[in-house]
Amino acid sequence: MCRTPLTDQYGRGVLHGELGIGSFEAYLAAVAGAHGGTPPRGSSHFDSGLGRDLRRWCPPLLGLPAHCPPVHYLARRRELGAYAATRALLRGSGIGAFVTDTSAAPAGVAGTNVMPVGAPAGTRDVPMTPAELGLAALGRAREAVSLRELAAQVADTSGSVNAFLGNVAEALHTASHAVAFVSGGAFHEGSAPTPYEVRRAAGRWLRARAARTADPDPDRTGTAPTRGTPAPYGQCAPYGPHAPVPDEPALVRHLLWAALTTGRPVQLHCADPARLRPFLYATGGLGARIVLLPRAPHHRTGAQLAAEFPHVYADAGPWPEQTLAEAPSGKLLFSSDAWALPELYVVAARRFVARTERLLARWTESGACSHAEAVRIARQLAHGNARHVYGLEPAPGGEAARPYPLEAATG
């Protein structure tokens, strides 16, 4: 019904470099929420629902038959080279524009921000930049800036609490490269912290960062979690002397409320968005746009809040029939939530298109909506809402240049 490219409102980019079968499966495991890296002998994450869809849709983009053996697929990947394979997969995904969270650790992978066990050396925290992602995909990629990491960067050049808070305010309002800000899923109370609370929290946080820089050994400082241990987004950090330290709730709240005054949308990771209702009430008159990124299975609740609050939008989630039952189509946005593997962009896009097409076909066949209305809804979900919320340009080459893969999804 709608032959225009998708706009992916939230993803984490693609890693550089080659991947062997062990490290590739480690990323599949992390996305599926499995722990411990590669599976036991005799089993494979390629046999999961994600793995089956990957083997259905990705091999043809690399010149192989669907459902070919994983070893053949990975051999073809190596034969083409990492960049050529990534380019073919992204260009075949049906996604024409990306909003990419560029923070250092993968918030979108199974609710964790720790690299999966078995990740090869040299690929840790080295994703493509938005410019590189857009070039590889033959599309456009814009940046969503993590408030946590923005604060960490400002702290490196601020010698006092006053300088830090002033520099944070300036950085938020001058971040011209950002189309959105991203915040973790905690500390969203219904009011902004007082200046006194903010100053005390900032002082503690800066002192903790200075101590971490002076003694980067996590065994001595005790501020770093065990490698490979999952942790909620915003609660864990990269390793090394410049790693952020555990959050100060008042400072996190200050960053969030300050970001809302910039005019840019703020994406909120939230395990259960129902807890955000007081915060959403309190921010209703600020003119800010908030986009909820719930953790499964809470997408339906996110959609309910988007329907309730005019300034709130929500991720459409993996099952659009659930969220479309709760919110107007103009309040929902597609995201891949993909990270590390270009295959994840392909699978997320194809799944979303297939499920949306089936739903709209049922609606038109039953008389619930007209064909023209179904086309309008499809276009809203595919790209229209994301363009409105984030102020994005149309995909390169016009509406019909890069059709998203309806035939592959529904065939």
# chains A, B, ... in the order shown; residues from 1 in each chain; ligands from 1
$ residues_around --residues "His188 in chain A" --least-positions-apart "2" --cutoff "8 Å" --atoms "only C-alpha atoms" --output "list in words"
Gly185, Ala186, Gly190, Arg253, Leu276 and Phe279 of chain A
$ write_last_selection --atoms "N, CA and C atoms" --output "PDB file, in the first residue's frame"
ATOM      1  N   GLY A 185      16.183   5.269  31.574  1.00  0.00           N
ATOM      2  CA  GLY A 185      14.830   4.995  32.029  1.00  0.00           C
ATOM      3  C   GLY A 185      14.572   5.204  33.500  1.00  0.00           C
ATOM      4  N   ALA A 186      15.379   5.999  34.207  1.00  0.00           N
ATOM      5  CA  ALA A 186      15.166   6.185  35.634  1.00  0.00           C
ATOM      6  C   ALA A 186      15.116   7.673  35.966  1.00  0.00           C
ATOM      7  N   GLY A 190       7.978  13.935  38.782  1.00  0.00           N
ATOM      8  CA  GLY A 190       7.058  14.903  38.210  1.00  0.00           C
ATOM      9  C   GLY A 190       7.444  16.343  38.426  1.00  0.00           C
ATOM     10  N   ARG A 253      17.855  14.181  36.390  1.00  0.00           N
ATOM     11  CA  ARG A 253      16.606  14.932  36.235  1.00  0.00           C
ATOM     12  C   ARG A 253      16.874  16.327  35.687  1.00  0.00           C
ATOM     13  N   LEU A 276       5.816   6.883  34.209  1.00  0.00           N
ATOM     14  CA  LEU A 276       6.155   8.227  33.753  1.00  0.00           C
ATOM     15  C   LEU A 276       4.969   9.185  33.774  1.00  0.00           C
ATOM     16  N   PHE A 279       5.423  12.618  35.393  1.00  0.00           N
ATOM     17  CA  PHE A 279       6.369  13.418  34.621  1.00  0.00           C
ATOM     18  C   PHE A 279       5.716  13.955  33.358  1.00  0.00           C
TER      19      PHE A 279
END
$ residues_around --residues "Pro318 in chain A" --least-positions-apart "5" --cutoff "9 Å" --atoms "only C-alpha atoms" --output "VMD selection string"
chain A and resid 296 299 334 to 336 348 351 to 352 355
$ closest_residue --among "A:Leu62, A:Ala171, A:Ala374, A:Ala152" --to "Arg362 in chain A" --atoms "only C-alpha atoms"
A:Ala374
$ residues_around --residues "Leu206 in chain A" --least-positions-apart "6" --cutoff "10 Å" --atoms "only C-alpha atoms" --output "ChimeraX atom specification"
/A:152,155-156,158-161,164,212,244-245
$ residues_around --residues "range 78-81 of chain A" --least-positions-apart "2" --cutoff "9 Å" --atoms "only C-alpha atoms" --output "list in words"
Gly17, Glu18, Leu19, Gly20, Leu62, Tyr73, Leu74, Ala75, Arg76, Tyr83, Ala84, Ala85 and Thr86 of chain A
$ closest_residue --among "A:Ala131, A:Cys369, A:Ala306, A:Val99" --to "Pro328 in chain A" --atoms "only C-alpha atoms"
A:Ala306
$ select_by_dssp --residues "range 260-333 of chain A" --states "alpha helix (DSSP H)" --output "PyMOL selection string"
chain A and resi 260+277-282+299-308+320-324
$ residues_around --residues "Lys331 in chain A" --least-positions-apart "6" --cutoff "8 Å" --atoms "only C-alpha atoms" --output "ChimeraX atom specification"
/A:303,306-307,312-314,385
$ closest_residue --among "A:Leu341, A:Leu61, A:Val375, A:Val252" --to "Tyr27 in chain A" --atoms "only C-alpha atoms"
A:Leu341
$ residues_around --residues "Ser43 in chain A" --least-positions-apart "6" --cutoff "12 Å" --atoms "only C-alpha atoms" --output "PDB file with N, CA and C atoms, in the first residue's frame"
ATOM      1  N   GLU A  25      27.020 -14.992  16.604  1.00  0.00           N
ATOM      2  CA  GLU A  25      25.976 -15.568  17.444  1.00  0.00           C
ATOM      3  C   GLU A  25      25.893 -14.881  18.798  1.00  0.00           C
ATOM      4  N   ALA A  29      22.545 -13.533  20.434  1.00  0.00           N
ATOM      5  CA  ALA A  29      22.156 -13.908  21.791  1.00  0.00           C
ATOM      6  C   ALA A  29      21.816 -12.683  22.616  1.00  0.00           C
ATOM      7  N   GLY A  51      16.766 -15.701  14.346  1.00  0.00           N
ATOM      8  CA  GLY A  51      17.687 -16.359  13.416  1.00  0.00           C
ATOM      9  C   GLY A  51      17.003 -16.850  12.163  1.00  0.00           C
TER      10      GLY A  51
END
